[in-house]
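Q: What follows is the file query_16.cif, containing mmCIF, C-alpha atoms and all ligand atoms:
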data_my_file
loop_
_atom_site.label_atom_id
_atom_site.label_comp_id
_atom_site.auth_asym_id
_atom_site.auth_seq_id
_atom_site.Cartn_x
_atom_site.Cartn_y
_atom_site.Cartn_z
CA MET A 1 -101.34 -96.10 123.43
CA ARG A 2 -104.90 -95.17 124.22
CA LEU A 3 -106.32 -92.65 121.76
CA ILE A 4 -109.33 -90.53 122.76
CA ARG A 5 -111.31 -87.65 121.26
CA VAL A 6 -112.70 -84.99 123.58
CA GLY A 7 -115.17 -82.15 123.15
CA PRO A 8 -118.71 -81.54 121.94
CA GLU A 9 -120.28 -83.69 119.24
CA GLY A 10 -118.86 -82.80 115.85
CA HIS A 11 -116.06 -80.71 117.37
CA GLU A 12 -113.94 -83.35 119.07
CA SER A 13 -110.23 -82.85 119.47
CA PRO A 14 -107.68 -85.70 119.39
CA ALA A 15 -105.82 -86.62 122.55
CA VAL A 16 -103.93 -89.52 124.03
CA LEU A 17 -103.83 -90.90 127.55
CA ASP A 18 -100.42 -90.46 129.12
CA PRO A 19 -99.04 -93.99 129.61
CA VAL A 20 -97.40 -93.05 132.90
CA GLU A 21 -99.58 -90.42 134.52
CA GLY A 22 -102.93 -91.57 133.14
CA SER A 23 -103.77 -87.95 132.35
CA ALA A 24 -104.69 -86.78 128.86
CA LEU A 25 -102.33 -85.08 126.42
CA SER A 26 -103.49 -83.07 123.44
CA ALA A 27 -102.54 -84.56 120.07
CA ARG A 28 -103.40 -81.40 118.13
CA SER A 29 -99.72 -80.70 117.39
CA VAL A 30 -99.57 -84.05 115.55
CA THR A 31 -102.95 -84.18 113.79
CA ALA A 32 -106.23 -82.31 113.46
CA ASP A 33 -108.16 -85.53 114.06
CA TYR A 34 -107.99 -89.33 114.09
CA ASP A 35 -109.21 -89.73 110.54
CA THR A 36 -108.22 -91.59 107.38
CA GLU A 37 -105.30 -89.25 106.69
CA PHE A 38 -103.95 -89.67 110.22
CA PHE A 39 -103.80 -93.45 109.97
CA ARG A 40 -102.64 -93.41 106.33
CA ASN A 41 -99.71 -91.10 107.10
CA ASP A 42 -98.18 -93.13 109.94
CA GLY A 43 -99.95 -90.99 112.52
CA ILE A 44 -99.63 -93.57 115.28
CA ASP A 45 -95.85 -93.66 114.87
CA ARG A 46 -95.68 -89.86 114.83
CA LEU A 47 -97.85 -89.70 117.94
CA ARG A 48 -95.61 -92.16 119.76
CA GLU A 49 -92.52 -90.14 118.84
CA ALA A 50 -94.15 -86.94 120.09
CA ILE A 51 -95.01 -88.58 123.43
CA ASP A 52 -91.51 -89.97 123.84
CA ALA A 53 -90.04 -86.55 123.07
CA GLY A 54 -92.35 -84.92 125.65
CA ASN A 55 -93.83 -82.68 122.98
CA LEU A 56 -97.52 -83.03 123.84
CA GLN A 57 -99.30 -80.52 126.07
CA PRO A 58 -101.58 -81.74 128.89
CA LEU A 59 -105.30 -81.25 128.46
CA GLN A 60 -107.27 -79.35 131.06
CA SER A 61 -108.21 -81.80 133.76
CA ASN A 62 -111.99 -81.70 133.37
CA ILE A 63 -112.84 -83.43 130.12
CA PRO A 64 -116.35 -82.34 129.10
CA ARG A 65 -117.20 -85.30 126.89
CA LEU A 66 -115.51 -88.28 125.32
CA GLY A 67 -116.42 -88.73 121.68
CA PRO A 68 -115.86 -91.90 119.70
CA PRO A 69 -112.07 -92.47 119.46
CA ILE A 70 -112.02 -92.12 115.66
CA LYS A 71 -113.60 -89.59 113.34
CA ARG A 72 -116.55 -90.85 111.30
CA PRO A 73 -115.12 -93.85 109.39
CA GLY A 74 -115.43 -94.29 105.65
CA LYS A 75 -117.38 -97.46 106.31
CA ILE A 76 -118.47 -99.79 109.07
CA ILE A 77 -118.53 -103.50 108.26
CA GLY A 78 -120.46 -105.87 110.50
CA ILE A 79 -119.75 -109.58 110.84
CA GLY A 80 -122.90 -111.56 111.60
CA LEU A 81 -123.20 -114.78 113.62
CA ASN A 82 -119.47 -114.97 114.41
CA TYR A 83 -119.78 -116.74 117.77
CA ARG A 84 -121.03 -120.32 117.87
CA ASP A 85 -123.25 -119.77 120.90
CA HIS A 86 -124.83 -116.69 119.29
CA ALA A 87 -125.51 -118.51 115.99
CA ALA A 88 -127.10 -121.32 118.00
CA GLU A 89 -129.29 -119.01 120.12
CA SER A 90 -130.38 -117.29 116.87
CA ASN A 91 -131.40 -120.67 115.44
CA MET A 92 -129.07 -120.01 112.51
CA PRO A 93 -126.54 -122.48 111.07
CA ILE A 94 -122.82 -121.97 111.69
CA PRO A 95 -121.80 -119.94 108.61
CA ASP A 96 -119.34 -121.47 106.13
CA GLU A 97 -117.75 -118.08 105.56
CA PRO A 98 -118.07 -114.72 107.32
CA VAL A 99 -121.51 -113.07 107.00
CA LEU A 100 -120.97 -109.40 106.06
CA PHE A 101 -123.33 -106.46 106.37
CA MET A 102 -122.88 -102.71 106.10
CA LYS A 103 -123.70 -100.30 108.92
CA ALA A 104 -124.04 -96.59 108.20
CA PRO A 105 -120.85 -94.74 109.31
CA ASN A 106 -122.80 -91.89 110.94
CA THR A 107 -124.08 -94.27 113.62
CA ILE A 108 -120.95 -93.91 115.74
CA ILE A 109 -121.28 -91.95 118.97
CA GLY A 110 -119.22 -91.57 122.13
CA PRO A 111 -118.95 -94.12 124.95
CA TYR A 112 -121.18 -92.13 127.35
CA ASP A 113 -123.60 -90.64 124.82
CA GLU A 114 -127.33 -91.32 124.70
CA VAL A 115 -128.71 -94.05 122.44
CA ARG A 116 -132.01 -93.10 120.86
CA ILE A 117 -134.69 -95.75 120.53
CA PRO A 118 -136.08 -95.24 116.99
CA PRO A 119 -139.66 -93.91 116.73
CA GLY A 120 -142.10 -96.76 117.18
CA SER A 121 -139.35 -99.32 117.81
CA THR A 122 -140.20 -102.20 120.11
CA LYS A 123 -137.20 -104.45 119.36
CA THR A 124 -134.03 -102.44 119.91
CA ASP A 125 -131.30 -104.85 121.03
CA TRP A 126 -127.71 -104.79 122.31
CA GLU A 127 -124.52 -106.46 120.97
CA VAL A 128 -121.12 -106.05 122.65
CA GLU A 129 -118.37 -106.53 120.07
CA LEU A 130 -114.64 -106.20 119.54
CA GLY A 131 -114.24 -103.25 117.15
CA VAL A 132 -111.25 -103.38 114.78
CA ILE A 133 -109.92 -100.13 113.30
CA ILE A 134 -107.95 -100.45 110.07
CA GLY A 135 -104.54 -98.74 109.93
CA ARG A 136 -103.34 -99.39 106.36
CA GLN A 137 -105.15 -99.86 103.08
CA ALA A 138 -105.92 -103.57 102.67
CA SER A 139 -106.91 -105.00 99.31
CA TYR A 140 -106.68 -108.65 98.25
CA LEU A 141 -104.41 -109.64 101.13
CA ARG A 142 -102.62 -112.87 100.26
CA THR A 143 -103.01 -114.68 103.54
CA PRO A 144 -104.75 -114.17 106.89
CA MET A 145 -101.31 -114.36 108.51
CA GLU A 146 -100.40 -110.86 107.33
CA ALA A 147 -103.78 -109.32 108.16
CA LEU A 148 -103.13 -108.13 111.74
CA SER A 149 -100.38 -105.81 110.45
CA TYR A 150 -103.18 -103.84 108.77
CA VAL A 151 -104.94 -103.19 112.09
CA ALA A 152 -104.37 -99.85 113.83
CA GLY A 153 -106.09 -100.85 117.03
CA TYR A 154 -109.17 -102.04 118.87
CA ALA A 155 -112.12 -100.53 120.72
CA VAL A 156 -115.26 -101.57 122.58
CA SER A 157 -118.18 -101.41 120.15
CA ASN A 158 -121.93 -101.82 120.63
CA ASP A 159 -123.61 -102.99 117.40
CA LEU A 160 -127.16 -101.96 118.32
CA SER A 161 -129.79 -103.67 116.21
CA GLU A 162 -133.52 -103.15 115.70
CA ARG A 163 -134.70 -106.75 115.24
CA GLU A 164 -138.00 -105.99 113.55
CA TYR A 165 -136.30 -103.79 110.95
CA GLN A 166 -133.45 -106.31 110.60
CA LEU A 167 -135.35 -109.59 110.42
CA GLU A 168 -139.08 -109.05 109.90
CA ARG A 169 -138.92 -106.66 106.95
CA ASP A 170 -137.81 -107.61 103.46
CA GLY A 171 -134.25 -107.32 102.24
CA GLN A 172 -130.95 -107.11 104.03
CA TRP A 173 -130.07 -106.50 107.68
CA ASP A 174 -128.86 -102.94 107.12
CA LYS A 175 -132.18 -101.25 108.02
CA GLY A 176 -131.99 -102.62 111.54
CA LYS A 177 -128.31 -101.78 111.98
CA SER A 178 -128.06 -98.19 110.79
CA CYS A 179 -130.49 -96.23 113.00
CA ASP A 180 -129.17 -92.97 114.43
CA THR A 181 -126.80 -93.45 117.44
CA PHE A 182 -126.64 -97.24 116.94
CA ASN A 183 -122.87 -97.63 117.32
CA PRO A 184 -121.37 -96.35 120.60
CA LEU A 185 -117.59 -96.74 120.31
CA GLY A 186 -114.83 -96.40 122.88
CA PRO A 187 -113.82 -95.14 125.41
CA TRP A 188 -110.45 -95.53 123.69
CA LEU A 189 -108.74 -96.89 120.64
CA VAL A 190 -106.00 -99.16 122.04
CA THR A 191 -103.19 -99.50 119.52
CA SER A 192 -102.57 -103.00 118.24
CA ASP A 193 -99.08 -103.29 119.80
CA GLU A 194 -100.84 -103.53 123.19
CA ILE A 195 -103.19 -106.31 122.02
CA PRO A 196 -100.83 -108.83 120.41
CA ASP A 197 -103.52 -111.53 120.28
CA PRO A 198 -107.10 -110.25 119.86
CA GLN A 199 -108.48 -113.77 120.43
CA THR A 200 -107.68 -113.68 124.17
CA LEU A 201 -110.20 -111.13 125.45
CA ASN A 202 -113.26 -111.36 127.68
CA LEU A 203 -116.19 -109.19 126.61
CA TRP A 204 -119.34 -108.53 128.59
CA LEU A 205 -122.46 -106.38 128.70
CA ASN A 206 -124.81 -105.46 131.54
CA ILE A 207 -128.27 -103.92 131.28
CA ASP A 208 -129.17 -101.99 134.45
CA ASP A 209 -126.43 -103.88 136.36
CA VAL A 210 -127.65 -107.32 135.25
CA CYS A 211 -125.14 -109.31 133.20
CA GLU A 212 -126.68 -110.24 129.84
CA GLN A 213 -123.60 -111.14 127.78
CA ALA A 214 -120.32 -112.71 128.92
CA GLY A 215 -118.17 -114.08 126.13
CA HIS A 216 -114.58 -114.55 125.03
CA THR A 217 -113.01 -113.69 121.68
CA SER A 218 -111.48 -117.17 121.48
CA ASP A 219 -115.03 -118.35 120.71
CA MET A 220 -115.17 -116.46 117.42
CA ILE A 221 -115.86 -118.71 114.45
CA PHE A 222 -113.65 -116.55 112.22
CA SER A 223 -110.68 -114.85 113.87
CA VAL A 224 -109.85 -111.16 113.46
CA GLU A 225 -107.02 -111.96 111.03
CA HIS A 226 -109.31 -114.19 108.99
CA ILE A 227 -112.00 -111.47 108.89
CA VAL A 228 -109.63 -108.70 107.74
CA TRP A 229 -108.16 -110.97 105.07
CA PHE A 230 -111.63 -112.14 103.97
CA VAL A 231 -113.20 -108.68 103.75
CA SER A 232 -110.23 -107.45 101.70
CA GLN A 233 -111.13 -109.98 98.98
CA PHE A 234 -114.41 -108.13 98.36
CA MET A 235 -113.75 -104.45 99.05
CA VAL A 236 -110.84 -102.16 99.80
CA LEU A 237 -110.43 -101.59 103.52
CA GLU A 238 -109.18 -98.07 104.11
CA PRO A 239 -107.37 -96.53 107.07
CA GLY A 240 -109.89 -95.56 109.73
CA ASP A 241 -112.55 -98.08 108.65
CA LEU A 242 -114.28 -99.98 111.46
CA ILE A 243 -115.12 -103.69 111.53
CA ASN A 244 -117.51 -105.00 114.22
CA THR A 245 -116.43 -108.61 114.63
CA GLY A 246 -119.63 -110.18 115.95
CA THR A 247 -121.32 -110.66 119.30
CA PRO A 248 -121.43 -113.57 121.76
CA SER A 249 -124.68 -115.05 123.07
CA GLY A 250 -127.04 -113.19 125.37
CA VAL A 251 -128.73 -110.67 123.09
CA GLY A 252 -132.33 -109.67 123.85
CA LEU A 253 -133.67 -111.49 120.80
CA SER A 254 -132.55 -114.82 122.26
CA LYS A 255 -134.12 -114.43 125.70
CA ASN A 256 -137.16 -116.50 126.49
CA PRO A 257 -139.33 -114.51 126.06
CA PRO A 258 -137.31 -111.92 124.10
CA ARG A 259 -136.49 -108.71 125.98
CA TYR A 260 -135.64 -105.42 124.34
CA LEU A 261 -134.38 -101.99 125.39
CA GLN A 262 -136.75 -99.39 126.80
CA PRO A 263 -136.02 -95.67 127.26
CA GLY A 264 -134.20 -94.96 130.53
CA GLN A 265 -132.05 -98.08 130.66
CA GLU A 266 -128.27 -98.22 131.01
CA MET A 267 -125.94 -100.37 128.93
CA HIS A 268 -122.58 -101.01 130.60
CA LEU A 269 -120.11 -102.98 128.51
CA GLY A 270 -116.43 -103.66 128.32
CA ILE A 271 -113.59 -105.75 126.94
CA ASP A 272 -110.32 -106.77 128.63
CA GLY A 273 -107.75 -104.00 128.15
CA LEU A 274 -110.09 -101.81 126.10
CA GLY A 275 -112.03 -100.06 128.86
CA GLU A 276 -115.74 -99.75 129.51
CA GLN A 277 -118.61 -97.67 128.18
CA ARG A 278 -121.93 -96.65 129.75
CA THR A 279 -124.75 -95.44 127.56
CA LYS A 280 -128.35 -94.56 128.44
CA THR A 281 -131.30 -95.19 126.18
CA ILE A 282 -133.73 -92.36 125.49
CA ASP A 283 -136.87 -91.93 123.45
CA THR A 284 -136.29 -90.21 120.12
CA PRO A 285 -137.22 -86.52 120.42
CA SER A 286 -140.27 -85.69 118.38
CA LEU A 287 -138.38 -83.35 116.08
CA ARG A 288 -136.40 -86.33 114.83
CA ARG A 289 -139.46 -88.41 114.03
CA ALA A 290 -139.72 -89.53 110.46
CA VAL A 291 -142.09 -87.27 108.56
CA ALA A 292 -144.55 -88.39 105.92
CA PRO A 293 -143.06 -88.44 102.43
CA VAL A 294 -143.31 -85.09 100.63
CA ARG A 295 -144.59 -85.02 97.06
CA TYR A 296 -142.84 -82.49 94.87
CA ILE A 297 -144.72 -83.18 91.63
ZN ZN B 1 -123.22 -107.46 115.50
#
As structure tokens, what does this structure read like?
Ligand code: ZN
A:
Amino acid sequence: MRLIRVGPEGHESPAVLDPVEGSALSARSVTADYDTEFFRNDGIDRLREAIDAGNLQPLQSNIPRLGPPIKRPGKIIGIGLNYRDHAAESNMPIPDEPVLFMKAPNTIIGPYDEVRIPPGSTKTDWEVELGVIIGRQASYLRTPMEALSYVAGYAVSNDLSEREYQLERDGQWDKGKSCDTFNPLGPWLVTSDEIPDPQTLNLWLNIDDVCEQAGHTSDMIFSVEHIVWFVSQFMVLEPGDLINTGTPSGVGLSKNPPRYLQPGQEMHLGIDGLGEQRTKTIDTPSLRRAVAPVRYI
């Protein structure tokens, strides 16, 4: 199944693409949203039963906006340097174990929304990634072999990164990963039954119709099942959480000379079987600019 959320930002409504007609069916009779409770309470199974029984009403044909296919997740985990060619182009060693970082959950936006270049940013960069959405609580999984049964589905994800904030400031990567609008997700969540092997997928990204990234998930250093198992050894993965599984080579940082996003550019990216997204970059409106710190005492 392909799960979508439609409607204005913050007021999206769950829907599913009809497997036969290709049109959209409302999922409101099954759930209020695709959130933690939906995944925790066997929502995907209930949705499938409702489709098979013909119980879902069609949506009006003109869909105003596609939101991200899941409600704001409890957490977003990033996996760094998970493709050999990307680690090499970054002049970083092949990691001995998955590199984890946190990305703020309120970065997720829809697959056609606008990406805001942060105020003063000169090094905003792109990263096409296979997004993994957790379906069942995963804690201390015994083996990687069982890990894929904890995955609800997959989606195209863009792990935007501000390289100055990420790499040239002190501390961890999170500052450069968590800027507003830095995680377009979708168009759909494709349920895991339709992607039996997530290591068989092409993924690509164009900037203004020029191909910048073209990779394959078989080139991951750590597979999806290894990542889910590994992360569960350090934190509880909850239903609806998102894991970005790393990006192949071709990011702006690695170009010679490096090239970064400017306002008015289009990112067009996709993954086999998971659809495509198109997002435009814009300057951050002045009302969102960071203000000087206020002193209260
Ligand atoms: Zn990434």
Q: Residues within 8 Å of ligand ZN 1 (chain B) (only C-alpha atoms and all ligand atoms), as a PDB file with C-alpha atoms, in the frame of the given file?
A:
ATOM      1  CA  GLY A  78    -120.460-105.870 110.500  1.00  0.00           C
ATOM      2  CA  ILE A  79    -119.750-109.580 110.840  1.00  0.00           C
ATOM      3  CA  GLY A  80    -122.900-111.560 111.600  1.00  0.00           C
ATOM      4  CA  LEU A  81    -123.200-114.780 113.620  1.00  0.00           C
ATOM      5  CA  GLU A 127    -124.520-106.460 120.970  1.00  0.00           C
ATOM      6  CA  VAL A 128    -121.120-106.050 122.650  1.00  0.00           C
ATOM      7  CA  GLU A 129    -118.370-106.530 120.070  1.00  0.00           C
ATOM      8  CA  ASN A 158    -121.930-101.820 120.630  1.00  0.00           C
ATOM      9  CA  ASP A 159    -123.610-102.990 117.400  1.00  0.00           C
ATOM     10  CA  LEU A 160    -127.160-101.960 118.320  1.00  0.00           C
ATOM     11  CA  SER A 161    -129.790-103.670 116.210  1.00  0.00           C
ATOM     12  CA  ASN A 244    -117.510-105.000 114.220  1.00  0.00           C
ATOM     13  CA  THR A 245    -116.430-108.610 114.630  1.00  0.00           C
ATOM     14  CA  GLY A 246    -119.630-110.180 115.950  1.00  0.00           C
ATOM     15  CA  THR A 247    -121.320-110.660 119.300  1.00  0.00           C
TER      16      THR A 247
END
Q: Counting all atoms listed in the file, which of A:Met267, A:Leu66, A:Leu130, A:Leu56 gets nearest to A:His11?
A: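 Closest candidate: A:Leu66.
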Q: Give the answer as one residue: which of A:Leu261, A:Leu242, A:Leu148, A:Ile77 has the shortest atom-to-atom distance to A:Lys123, using all atoms listed in the file?
A: A:Leu261
Q: Of the candidates A:Thr36, A:Thr122, A:Thr181, A:Thr200, which shows the shortest atom-to-atom distance to A:Gly135, using only C-alpha atoms?
A: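 Smallest distance to A:Gly135 is found for A:Thr36.
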Q: Report, in Å with one decimal, the straight-line distance from atom CA of A:Met145 to atom CA of A:Pro93.
A: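 Computed distance, atom CA of A:Met145 to atom CA of A:Pro93, equals 26.6 Å.
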Q: Check the smallest atom-to-atom distance from each of A:Val115, A:Ile195, A:Leu185, A:Ile243 to A:Glu276 using all atoms listed in the file, then report the winner.
A: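 The closest residue to A:Glu276 is A:Leu185.
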